[in-house]
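Peer 1: Dumping the structure here so I can ask a few things about it.
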Amino acid sequence: MVEIFFGIITRQAIRRGSFDSVRELVDAIRRFIDAWNERCEPFIWTKDADTILAKAKRKTTSDTQH
């Protein structure tokens, strides 16, 4: 869920902006989070756990050993 949120904040706040300083970037992130919290709703899972876990089990693509 954290990765989803970071994807959202990246697309909606960071990539769209132009920042002349770290302070401006931090302020933009804080404004986004404040607005997000005002209209927040819980994330809703669209797939059941078995489907997600099945996809997470990746097949081996090579026989290399690391």
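All residue names refer to the structure tokens as shown: chains lettered A, B, ... in order, residues numbered from 1 in each chain, ligands numbered from 1 in order.
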Quick one: DSSP alpha helix (DSSP H) residues in stretch 1-56 of chain A, as number ranges by chain?

Peer 2: A: 2-9, 22-38, 49-56

Peer 1: Would you list the contacts of A:Met1 as a list in words, taking every protein, DNA or RNA residue within 12 Å and counting only C-alpha atoms, but skipping same-chain residues closer than 4 positions in sequence?

Peer 2: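 Near neighbours after the sequence-gap exclusion: Phe5, Phe6, Gly7, Ile8, Pro42, Phe43, Ile44 and Trp45 of chain A.
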
Peer 1: Pull N, CA, C and O atoms from the residues just selected and write them as a PDB file, in the first residue's frame.

Peer 2:
ATOM      1  N   PHE A   5       0.786   4.473  -2.645  1.00  0.00           N
ATOM      2  CA  PHE A   5       0.715   5.886  -2.262  1.00  0.00           C
ATOM      3  C   PHE A   5       1.876   6.679  -2.858  1.00  0.00           C
ATOM      4  O   PHE A   5       1.689   7.786  -3.370  1.00  0.00           O
ATOM      5  N   PHE A   6       3.088   6.118  -2.810  1.00  0.00           N
ATOM      6  CA  PHE A   6       4.229   6.824  -3.397  1.00  0.00           C
ATOM      7  C   PHE A   6       4.057   7.004  -4.899  1.00  0.00           C
ATOM      8  O   PHE A   6       4.457   8.030  -5.461  1.00  0.00           O
ATOM      9  N   GLY A   7       3.458   6.037  -5.560  1.00  0.00           N
ATOM     10  CA  GLY A   7       3.172   6.190  -6.984  1.00  0.00           C
ATOM     11  C   GLY A   7       2.202   7.322  -7.241  1.00  0.00           C
ATOM     12  O   GLY A   7       2.371   8.124  -8.166  1.00  0.00           O
ATOM     13  N   ILE A   8       1.174   7.402  -6.408  1.00  0.00           N
ATOM     14  CA  ILE A   8       0.174   8.469  -6.554  1.00  0.00           C
ATOM     15  C   ILE A   8       0.800   9.834  -6.309  1.00  0.00           C
ATOM     16  O   ILE A   8       0.620  10.762  -7.100  1.00  0.00           O
ATOM     17  N   PRO A  42     -10.255   4.806   2.383  1.00  0.00           N
ATOM     18  CA  PRO A  42      -9.396   3.617   2.430  1.00  0.00           C
ATOM     19  C   PRO A  42      -9.208   3.023   1.036  1.00  0.00           C
ATOM     20  O   PRO A  42     -10.087   3.123   0.177  1.00  0.00           O
ATOM     21  N   PHE A  43      -8.032   2.438   0.818  1.00  0.00           N
ATOM     22  CA  PHE A  43      -7.809   1.708  -0.421  1.00  0.00           C
ATOM     23  C   PHE A  43      -8.710   0.480  -0.412  1.00  0.00           C
ATOM     24  O   PHE A  43      -8.928  -0.138   0.633  1.00  0.00           O
ATOM     25  N   ILE A  44      -9.236   0.130  -1.555  1.00  0.00           N
ATOM     26  CA  ILE A  44     -10.085  -1.048  -1.664  1.00  0.00           C
ATOM     27  C   ILE A  44      -9.373  -2.063  -2.543  1.00  0.00           C
ATOM     28  O   ILE A  44      -8.995  -1.755  -3.684  1.00  0.00           O
ATOM     29  N   TRP A  45      -9.158  -3.253  -1.997  1.00  0.00           N
ATOM     30  CA  TRP A  45      -8.528  -4.330  -2.765  1.00  0.00           C
ATOM     31  C   TRP A  45      -9.473  -4.757  -3.871  1.00  0.00           C
ATOM     32  O   TRP A  45     -10.658  -4.981  -3.636  1.00  0.00           O
TER      33      TRP A  45
END

Peer 1: Could you check which of A:Ile4, A:Lys47, A:Ile9, A:Phe19 is closest to A:Ile33, using only C-alpha atoms?

Peer 2: A:Ile9

Peer 1: Mind checking which residues fall within 12 Å of A:Ile29, counting only C-alpha atoms, ignoring those fewer than 2 positions away in the same chain, and posting them as JSON, numbers by chain?

Peer 2: {"A": [6, 8, 9, 10, 11, 12, 13, 14, 15, 16, 17, 19, 22, 23, 24, 25, 26, 27, 31, 32, 33, 34, 35, 36]}

Peer 1: Could you please take those selected residues and save N, CA and C atoms as a PDB file, in the first residue's frame?

Peer 2:
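Heads up, here's the output in part32.pdb:
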ATOM      1  N   PHE A   6       3.088   6.118  -2.810  1.00  0.00           N
ATOM      2  CA  PHE A   6       4.229   6.824  -3.397  1.00  0.00           C
ATOM      3  C   PHE A   6       4.057   7.004  -4.899  1.00  0.00           C
ATOM      4  N   ILE A   8       1.174   7.402  -6.408  1.00  0.00           N
ATOM      5  CA  ILE A   8       0.174   8.469  -6.554  1.00  0.00           C
ATOM      6  C   ILE A   8       0.800   9.834  -6.309  1.00  0.00           C
ATOM      7  N   ILE A   9       1.543   9.968  -5.238  1.00  0.00           N
ATOM      8  CA  ILE A   9       2.137  11.278  -4.929  1.00  0.00           C
ATOM      9  C   ILE A   9       3.167  11.674  -5.984  1.00  0.00           C
ATOM     10  N   THR A  10       3.874  10.691  -6.521  1.00  0.00           N
ATOM     11  CA  THR A  10       4.843  10.988  -7.575  1.00  0.00           C
ATOM     12  C   THR A  10       4.138  11.510  -8.819  1.00  0.00           C
ATOM     13  N   ARG A  11       3.082  10.813  -9.245  1.00  0.00           N
ATOM     14  CA  ARG A  11       2.368  11.220 -10.458  1.00  0.00           C
ATOM     15  C   ARG A  11       1.624  12.541 -10.282  1.00  0.00           C
ATOM     16  N   GLN A  12       1.013  12.739  -9.135  1.00  0.00           N
ATOM     17  CA  GLN A  12       0.124  13.888  -8.976  1.00  0.00           C
ATOM     18  C   GLN A  12       0.782  15.128  -8.389  1.00  0.00           C
ATOM     19  N   ALA A  13       1.913  14.987  -7.738  1.00  0.00           N
ATOM     20  CA  ALA A  13       2.505  16.158  -7.087  1.00  0.00           C
ATOM     21  C   ALA A  13       3.938  16.428  -7.518  1.00  0.00           C
ATOM     22  N   ILE A  14       4.734  15.399  -7.642  1.00  0.00           N
ATOM     23  CA  ILE A  14       6.160  15.621  -7.867  1.00  0.00           C
ATOM     24  C   ILE A  14       6.478  15.795  -9.345  1.00  0.00           C
ATOM     25  N   ARG A  15       6.030  14.883 -10.202  1.00  0.00           N
ATOM     26  CA  ARG A  15       6.352  14.986 -11.632  1.00  0.00           C
ATOM     27  C   ARG A  15       5.752  16.211 -12.284  1.00  0.00           C
ATOM     28  N   ARG A  16       4.631  16.669 -11.764  1.00  0.00           N
ATOM     29  CA  ARG A  16       3.957  17.822 -12.364  1.00  0.00           C
ATOM     30  C   ARG A  16       4.611  19.139 -11.991  1.00  0.00           C
ATOM     31  N   GLY A  17       5.476  19.123 -11.006  1.00  0.00           N
ATOM     32  CA  GLY A  17       6.027  20.365 -10.500  1.00  0.00           C
ATOM     33  C   GLY A  17       7.424  20.672 -10.998  1.00  0.00           C
ATOM     34  N   PHE A  19      10.710  22.516  -9.197  1.00  0.00           N
ATOM     35  CA  PHE A  19      11.128  22.949  -7.873  1.00  0.00           C
ATOM     36  C   PHE A  19      12.528  23.544  -7.931  1.00  0.00           C
ATOM     37  N   VAL A  22      15.002  22.271  -2.458  1.00  0.00           N
ATOM     38  CA  VAL A  22      14.472  21.147  -1.691  1.00  0.00           C
ATOM     39  C   VAL A  22      13.288  21.613  -0.851  1.00  0.00           C
ATOM     40  N   ARG A  23      13.366  22.818  -0.315  1.00  0.00           N
ATOM     41  CA  ARG A  23      12.280  23.373   0.492  1.00  0.00           C
ATOM     42  C   ARG A  23      10.986  23.419  -0.307  1.00  0.00           C
ATOM     43  N   GLU A  24      11.050  23.857  -1.576  1.00  0.00           N
ATOM     44  CA  GLU A  24       9.852  23.911  -2.417  1.00  0.00           C
ATOM     45  C   GLU A  24       9.286  22.515  -2.643  1.00  0.00           C
ATOM     46  N   LEU A  25      10.145  21.531  -2.860  1.00  0.00           N
ATOM     47  CA  LEU A  25       9.713  20.151  -3.042  1.00  0.00           C
ATOM     48  C   LEU A  25       9.022  19.632  -1.783  1.00  0.00           C
ATOM     49  N   VAL A  26       9.643  19.846  -0.638  1.00  0.00           N
ATOM     50  CA  VAL A  26       9.066  19.403   0.638  1.00  0.00           C
ATOM     51  C   VAL A  26       7.712  20.075   0.867  1.00  0.00           C
ATOM     52  N   ASP A  27       7.619  21.361   0.586  1.00  0.00           N
ATOM     53  CA  ASP A  27       6.348  22.076   0.752  1.00  0.00           C
ATOM     54  C   ASP A  27       5.263  21.502  -0.163  1.00  0.00           C
ATOM     55  N   ARG A  31       1.800  19.834   1.101  1.00  0.00           N
ATOM     56  CA  ARG A  31       0.491  20.310   0.629  1.00  0.00           C
ATOM     57  C   ARG A  31      -0.327  19.148   0.059  1.00  0.00           C
ATOM     58  N   PHE A  32       0.338  18.282  -0.711  1.00  0.00           N
ATOM     59  CA  PHE A  32      -0.354  17.133  -1.279  1.00  0.00           C
ATOM     60  C   PHE A  32      -0.889  16.233  -0.171  1.00  0.00           C
ATOM     61  N   ILE A  33      -0.056  15.936   0.815  1.00  0.00           N
ATOM     62  CA  ILE A  33      -0.469  15.045   1.912  1.00  0.00           C
ATOM     63  C   ILE A  33      -1.616  15.667   2.704  1.00  0.00           C
ATOM     64  N   ASP A  34      -1.549  16.964   2.966  1.00  0.00           N
ATOM     65  CA  ASP A  34      -2.642  17.631   3.686  1.00  0.00           C
ATOM     66  C   ASP A  34      -3.954  17.516   2.907  1.00  0.00           C
ATOM     67  N   ALA A  35      -3.901  17.764   1.596  1.00  0.00           N
ATOM     68  CA  ALA A  35      -5.106  17.667   0.770  1.00  0.00           C
ATOM     69  C   ALA A  35      -5.584  16.214   0.706  1.00  0.00           C
ATOM     70  N   TRP A  36      -4.663  15.275   0.594  1.00  0.00           N
ATOM     71  CA  TRP A  36      -5.011  13.855   0.556  1.00  0.00           C
ATOM     72  C   TRP A  36      -5.753  13.472   1.839  1.00  0.00           C
TER      73      TRP A  36
END

Peer 1: Any idea what the distance is between atom CA of A:Ala54 and atom CA of A:Glu3?

Peer 2: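 The value is 19.3 Å.
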